[in-house]
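Content type compact mmCIF, C-alpha atoms, from the file start31.txt:
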```
# COMPACT_ATOMS: atom_id res chain seq x y z
CA MET A 1 -73.99 24.22 10.78
CA ASN A 2 -71.87 23.26 7.81
CA LEU A 3 -69.21 26.02 7.36
CA PRO A 4 -66.04 25.62 5.36
CA GLU A 5 -62.88 25.70 7.47
CA ASN A 6 -61.72 28.90 5.76
CA TYR A 7 -64.48 30.95 7.42
CA ILE A 8 -63.58 30.01 11.01
CA PRO A 9 -60.79 32.66 11.42
CA ILE A 10 -63.11 35.33 10.01
CA LEU A 11 -65.85 34.38 12.46
CA ILE A 12 -63.35 34.41 15.35
CA GLN A 13 -62.11 37.87 14.35
CA ALA A 14 -65.69 39.17 14.03
CA ALA A 15 -66.58 37.75 17.47
CA VAL A 16 -63.50 39.38 19.03
CA ALA A 17 -64.34 42.72 17.39
CA ILE A 18 -67.99 42.62 18.52
CA GLY A 19 -66.90 41.57 22.02
CA PHE A 20 -64.41 44.45 22.21
CA VAL A 21 -67.06 46.96 21.17
CA ALA A 22 -69.57 45.59 23.65
CA ILE A 23 -67.07 45.59 26.52
CA SER A 24 -65.95 49.14 25.66
CA ILE A 25 -69.49 50.50 25.57
CA LEU A 26 -70.55 48.76 28.77
CA GLY A 27 -67.30 49.74 30.52
CA ALA A 28 -67.76 53.39 29.58
CA HIS A 29 -71.34 53.30 30.82
CA TYR A 30 -70.64 51.66 34.18
CA LEU A 31 -67.13 52.99 34.91
CA GLY A 32 -67.50 56.50 33.47
CA PRO A 33 -68.47 59.60 35.44
CA ASN A 34 -72.09 59.91 36.54
CA LEU A 35 -72.92 63.58 35.88
CA LYS A 36 -76.25 65.07 36.83
CA GLY A 37 -77.85 68.43 36.22
CA LYS A 38 -76.20 71.18 34.21
CA ASN A 39 -72.80 69.45 34.41
CA LYS A 40 -74.14 66.75 32.12
CA ASP A 41 -74.05 69.10 29.12
CA LYS A 42 -70.46 70.23 29.68
CA ASN A 43 -67.60 68.84 27.63
CA PHE A 44 -65.49 66.25 29.39
CA GLU A 45 -62.03 65.38 28.24
CA CYS A 46 -59.49 63.56 30.37
CA GLY A 47 -60.82 65.12 33.56
CA VAL A 48 -59.32 68.54 32.77
CA GLU A 49 -61.52 71.60 33.18
CA ASN A 50 -62.18 73.62 30.03
CA GLU A 51 -60.40 76.94 29.66
CA GLY A 52 -61.16 79.68 27.19
CA ASN A 53 -63.04 79.51 23.95
CA ALA A 54 -62.73 76.80 21.32
CA ARG A 55 -62.78 79.50 18.64
CA THR A 56 -59.36 80.86 19.64
CA PRO A 57 -57.39 81.39 16.43
CA PHE A 58 -54.21 79.40 15.88
CA SER A 59 -51.16 80.67 14.12
CA VAL A 60 -50.82 79.63 10.50
CA LYS A 61 -47.26 78.56 11.33
CA TYR A 62 -48.69 75.73 13.43
CA PHE A 63 -50.62 74.29 10.49
CA LEU A 64 -47.76 74.89 8.08
CA THR A 65 -45.36 73.01 10.36
CA ALA A 66 -47.83 70.14 10.68
CA ILE A 67 -48.24 69.88 6.91
CA LEU A 68 -44.49 70.01 6.36
CA PHE A 69 -43.96 67.32 8.97
CA VAL A 70 -46.42 65.03 7.20
CA LEU A 71 -44.84 65.77 3.82
CA PHE A 72 -41.29 65.01 4.92
CA ASP A 73 -42.41 62.10 7.09
CA ILE A 74 -44.16 60.40 4.18
CA GLU A 75 -40.91 60.67 2.26
CA ILE A 76 -39.43 58.10 4.64
CA VAL A 77 -42.16 55.61 3.68
CA PHE A 78 -40.87 55.58 0.11
CA PHE A 79 -37.39 54.60 1.29
CA TYR A 80 -38.60 51.29 2.69
CA PRO A 81 -39.06 49.46 -0.65
CA TYR A 82 -35.67 50.75 -1.77
CA ALA A 83 -34.01 49.56 1.43
CA VAL A 84 -35.51 46.10 1.02
CA ASN A 85 -34.64 45.73 -2.68
CA PHE A 86 -31.58 47.94 -3.14
CA ARG A 87 -29.48 45.13 -4.61
CA GLU A 88 -32.06 44.35 -7.31
CA PHE A 89 -32.39 48.05 -8.26
CA GLY A 90 -28.68 48.38 -8.93
CA PHE A 91 -27.04 51.62 -10.00
CA GLU A 92 -30.15 52.90 -11.81
CA GLY A 93 -32.17 52.54 -8.63
CA PHE A 94 -29.49 54.39 -6.68
CA ILE A 95 -29.62 57.29 -9.16
CA ALA A 96 -33.43 57.34 -8.93
CA VAL A 97 -33.26 57.53 -5.12
CA LEU A 98 -30.67 60.32 -5.32
CA MET A 99 -33.01 62.26 -7.61
CA PHE A 100 -35.91 61.63 -5.21
CA VAL A 101 -33.88 62.87 -2.25
CA GLY A 102 -32.64 65.82 -4.30
CA VAL A 103 -36.17 66.98 -5.05
CA PHE A 104 -37.06 66.81 -1.38
CA PHE A 105 -33.89 68.68 -0.41
CA LEU A 106 -34.81 71.41 -2.88
CA GLY A 107 -38.24 71.62 -1.26
CA PHE A 108 -36.70 71.66 2.21
CA PHE A 109 -34.29 74.47 1.33
CA TYR A 110 -37.15 76.40 -0.26
CA VAL A 111 -39.15 76.07 2.97
CA LEU A 112 -36.13 77.22 5.00
CA LYS A 113 -35.53 80.20 2.69
CA ARG A 114 -39.18 81.25 2.91
CA GLY A 115 -38.94 81.19 6.72
CA ALA A 116 -41.69 78.64 7.25
CA LEU A 117 -39.80 77.04 10.14
CA ASP A 118 -38.87 80.31 11.92
CA TRP A 119 -41.09 80.45 14.99
CA ASP A 120 -39.75 83.79 16.21
CA LYS A 121 -41.29 85.89 13.45
```
As structure tokens, what does this structure read like?
Amino acid sequence: MNLPENYIPILIQAAVAIGFVAISILGAHYLGPNLKGKNKDKNFECGVENEGNARTPFSVKYFLTAILFVLFDIEIVFFYPYAVNFREFGFEGFIAVLMFVGVFFLGFFYVLKRGALDWDK
């Protein structure tokens, strides 16, 4: 087989990925629980018995808090390029970051004023 040397790392990575998948599937088959009868159709998650109905409604506050967490967490990702290159950005970059943070603070205070983070209500 006459392969260029550049393809060898790709083939190694593909072999490791296929091996991991095969070991995971075989391990789950041989090491997993062996359920028979009507128990075979039941949901199994971490060995904990199911309680209640999956259709139980959740509070909208839960989803709102999750969305706000993602929004304000992603803000941190945009600080990384600034932190790495803050000397090259100079004073104009600093003003741009202050405006960026200001917009997010306005959004945060709006969320606080609307009571989105008040769990007691």
Worksheet entry | Shell around Thr65 of chain A at 8 Å using only C-alpha atoms, local window under 3 positions removed, as a ChimeraX atom specification | /A:61-62,68-69,116-117
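The environment of segment 77-82 of chain A within 8 Å, counting all atoms listed in the file and disregarding residues fewer than 5 places along the same chain, consists of Phe89, Gly93 and Val97 of chain A.
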Worksheet entry | Computed interatomic separation between atom CA of Phe108 of chain A and atom CA of Asp73 of chain A (Å) | 12.2 Å
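One finds atom CA of Ile67 of chain A at 14.7 Å from atom CA of Tyr110 of chain A.
The space separating atom CA of Pro33 of chain A from atom CA of Ala14 of chain A comes to 29.7 Å.
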Assuming the input is short of atoms at segment 102-116 of chain A, produce N, CA and C atoms for that part as a compact mmCIF listing (two decimals), in the coordinates of the input.
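Result went into rebuild10.txt, see below:
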```
# COMPACT_ATOMS: atom_id res chain seq x y z
N GLY A 102 -32.98 64.47 -3.83
CA GLY A 102 -32.64 65.82 -4.30
C GLY A 102 -33.85 66.72 -4.42
N VAL A 103 -34.94 66.18 -4.94
CA VAL A 103 -36.17 66.98 -5.05
C VAL A 103 -36.67 67.38 -3.67
N PHE A 104 -36.61 66.47 -2.72
CA PHE A 104 -37.06 66.81 -1.38
C PHE A 104 -36.11 67.79 -0.69
N PHE A 105 -34.82 67.69 -0.96
CA PHE A 105 -33.89 68.68 -0.41
C PHE A 105 -34.15 70.06 -0.99
N LEU A 106 -34.46 70.12 -2.29
CA LEU A 106 -34.81 71.41 -2.88
C LEU A 106 -36.04 72.00 -2.19
N GLY A 107 -37.05 71.16 -1.96
CA GLY A 107 -38.24 71.62 -1.26
C GLY A 107 -37.93 72.06 0.16
N PHE A 108 -37.07 71.31 0.84
CA PHE A 108 -36.70 71.66 2.21
C PHE A 108 -35.96 73.00 2.26
N PHE A 109 -35.02 73.21 1.34
CA PHE A 109 -34.29 74.47 1.33
C PHE A 109 -35.20 75.63 0.94
N TYR A 110 -36.17 75.37 0.08
CA TYR A 110 -37.15 76.40 -0.26
C TYR A 110 -37.96 76.79 0.97
N VAL A 111 -38.38 75.81 1.74
CA VAL A 111 -39.15 76.07 2.97
C VAL A 111 -38.30 76.86 3.96
N LEU A 112 -37.02 76.48 4.09
CA LEU A 112 -36.13 77.22 5.00
C LEU A 112 -35.95 78.66 4.53
N LYS A 113 -35.75 78.85 3.23
CA LYS A 113 -35.53 80.20 2.69
C LYS A 113 -36.76 81.08 2.86
N ARG A 114 -37.93 80.49 2.74
CA ARG A 114 -39.18 81.25 2.91
C ARG A 114 -39.48 81.56 4.38
N GLY A 115 -38.75 80.92 5.30
CA GLY A 115 -38.94 81.19 6.72
C GLY A 115 -40.11 80.46 7.33
N ALA A 116 -40.53 79.36 6.73
CA ALA A 116 -41.69 78.64 7.25
C ALA A 116 -41.40 77.97 8.58
```
